[in-house]
Amino acid sequence: MQSDVTEIKTDIGSPSDISSSPTIFGKLAEIKETLTTKFSEIISKITSIDSKIGTTTDTGGTSSAGGIFAKLNKLLTDWTTTRASRIDTIYTNTNTSTTSSSTGTLCQRLNYIRALIGASSDSGTDTIFGLLKGLLSKGIVKSVQRGEYNTTLESDLDYEDLTINTININKSILLVTASNSTGNNSYVQAANGKILNSNTIRIYRTGYSVVNSTNNYHNTNWQVIEFY
């Protein structure tokens with residue numbers, strides 16, 4: 001009996017046993033050392049995380065330095081001083097407006113363009129729809145002037161300036177058609193022309209000279225078509 005008690009006491013050991021002792025207290029000491037080591041590692045990691053988070057007053061954050069709070073404060077500062085003013089500018093330039101202006105905000109300029117386009121019911125010349133309706137109602141031709149120019153054949157190359165009603169030369173064309181010459185000697189003649197100014201056209205005629213003849217005539221038909 002005594003030997004059994006002694007063996008039990010030996011297995012239990014004493015509170016001073018170290019972790020390598022083959023006793024219960026030794027095992028407890030080993031567990032304590034392990035927990036202490038792990039706890040130290042945990043505290044170290046928590047401290048590292050805490051330093052990375054920082055405090056709410058930290059500053060100086062960059063892409064490669066500073067804690068989370070330092071970086072957040074840097075972003076907030078940059079946003080407040082630079083980006084916010086740009087957002088205010090965007091808001092000012094795009095703010096909803098019922099007025100129109102060719103040089104105002106984006107909304108005002110869009111209203112200006114919308115007013116220029118107009119509506120399908122518009123008439124007159126103030127809007128694009130109005131102009132289109134006017135063009136469709138009267139066609140694309142504004143005026144047509146026609147005439148015939150007759151002259152005797154006296155030279156191989158000659159021309160004549162003719163007066164016409166006022167036109168816009170940038171919106172007009174001249175058509176010239178020559179017919180056969182008539183008289184004692186008949187030739188097929190050629191003709192062309194050009195618009196000199198808003199009231200004058202020039203008709204060119206070409207042909208062979210006719211000797212001792214006064215009865216040969218060169219007929220030229222012309223048209224001036226003016227568009228809107």
# chains A, B, ... in the order shown; residues from 1 in each chain; ligands from 1
>>> select_by_dssp(residues="region 110-174 of chain A", states="alpha helix (DSSP H)", output="VMD selection string")
chain A and resid 110 to 117 128 to 138
>>> closest_atom_pairs(of="region 78-151 of chain A", to="region 59-74 of chain A", cutoff="12 Å", atoms="only C-alpha atoms", output="CSV")
residue,atom,partner,partner_atom,distance
A:Asp78,CA,A:Lys74,CA,6.1
A:Trp79,CA,A:Lys74,CA,8.4
A:Thr80,CA,A:Lys74,CA,9.8
A:Thr81,CA,A:Lys74,CA,10.7
A:Thr82,CA,A:Lys74,CA,11.9
>>> write_last_selection(atoms="N, CA and C atoms", output="mmCIF file, in the first residue's frame")
data_model
loop_
_atom_site.group_PDB
_atom_site.id
_atom_site.type_symbol
_atom_site.label_atom_id
_atom_site.label_comp_id
_atom_site.auth_asym_id
_atom_site.auth_seq_id
_atom_site.Cartn_x
_atom_site.Cartn_y
_atom_site.Cartn_z
ATOM 1 N N ASP A 78 -6.988 64.843 -49.728
ATOM 2 C CA ASP A 78 -6.902 65.090 -51.168
ATOM 3 C C ASP A 78 -8.286 65.282 -51.764
ATOM 4 N N TRP A 79 -9.230 64.464 -51.327
ATOM 5 C CA TRP A 79 -10.593 64.567 -51.845
ATOM 6 C C TRP A 79 -11.205 65.921 -51.496
ATOM 7 N N THR A 80 -10.984 66.331 -50.282
ATOM 8 C CA THR A 80 -11.577 67.577 -49.811
ATOM 9 C C THR A 80 -10.990 68.785 -50.533
ATOM 10 N N THR A 81 -9.678 68.790 -50.744
ATOM 11 C CA THR A 81 -9.026 69.987 -51.288
ATOM 12 C C THR A 81 -9.037 70.043 -52.808
ATOM 13 N N THR A 82 -9.005 68.891 -53.474
ATOM 14 C CA THR A 82 -8.888 68.896 -54.937
ATOM 15 C C THR A 82 -10.107 68.315 -55.619
#
>>> closest_residue(among="A:Asn93, A:Ser172, A:Ser123, A:Ser48", to="Asn199 (chain A)", atoms="only C-alpha atoms")
A:Ser172
>>> closest_residue(among="A:Ile225, A:Leu75, A:Ile167, A:Ile42", to="Val144 (chain A)", atoms="only C-alpha atoms")
A:Ile225
>>> residues_around(residues="Ser137 (chain A)", least_positions_apart="5", cutoff="12 Å", atoms="only C-alpha atoms", output="PDB file with C-alpha atoms, in the first residue's frame")
ATOM      1  CA  SER A 123     -42.575  77.022 -89.509  1.00  0.00           C
ATOM      2  CA  GLY A 124     -40.472  79.997 -90.527  1.00  0.00           C
ATOM      3  CA  GLY A 130     -39.032  75.333 -89.778  1.00  0.00           C
ATOM      4  CA  LEU A 131     -36.391  75.725 -92.502  1.00  0.00           C
ATOM      5  CA  LEU A 132     -36.879  72.130 -93.665  1.00  0.00           C
ATOM      6  CA  LYS A 142     -35.715  79.210-106.386  1.00  0.00           C
TER       7      LYS A 142
END
>>> residues_around(residues="Asn221 (chain A)", least_positions_apart="3", cutoff="6 Å", atoms="only C-alpha atoms", output="CSV table (one decimal) with N, CA and C atoms, in the first residue's frame")
chain,number,residue,atom,x,y,z
A,147,GLY,N,-33.1,82.1,-122.0
A,147,GLY,CA,-33.0,83.0,-123.1
A,147,GLY,C,-32.4,82.4,-124.3
A,148,GLU,N,-32.4,83.0,-125.5
A,148,GLU,CA,-31.8,82.6,-126.7
A,148,GLU,C,-30.9,83.7,-127.2
A,176,VAL,N,-25.8,75.9,-121.1
A,176,VAL,CA,-25.7,76.5,-122.4
A,176,VAL,C,-25.9,75.4,-123.5
A,177,THR,N,-26.7,75.6,-124.4
A,177,THR,CA,-26.9,74.6,-125.5
A,177,THR,C,-26.9,75.4,-126.9
>>> atom_distance(atom1="CA of Ser121 (chain A)", atom2="CA of Gly134 (chain A)")
11.5 Å
>>> residues_around(residues="Cys107 (chain A)", least_positions_apart="3", cutoff="7 Å", atoms="only C-alpha atoms", output="PyMOL selection string")
chain A and resi 94-97+110-111
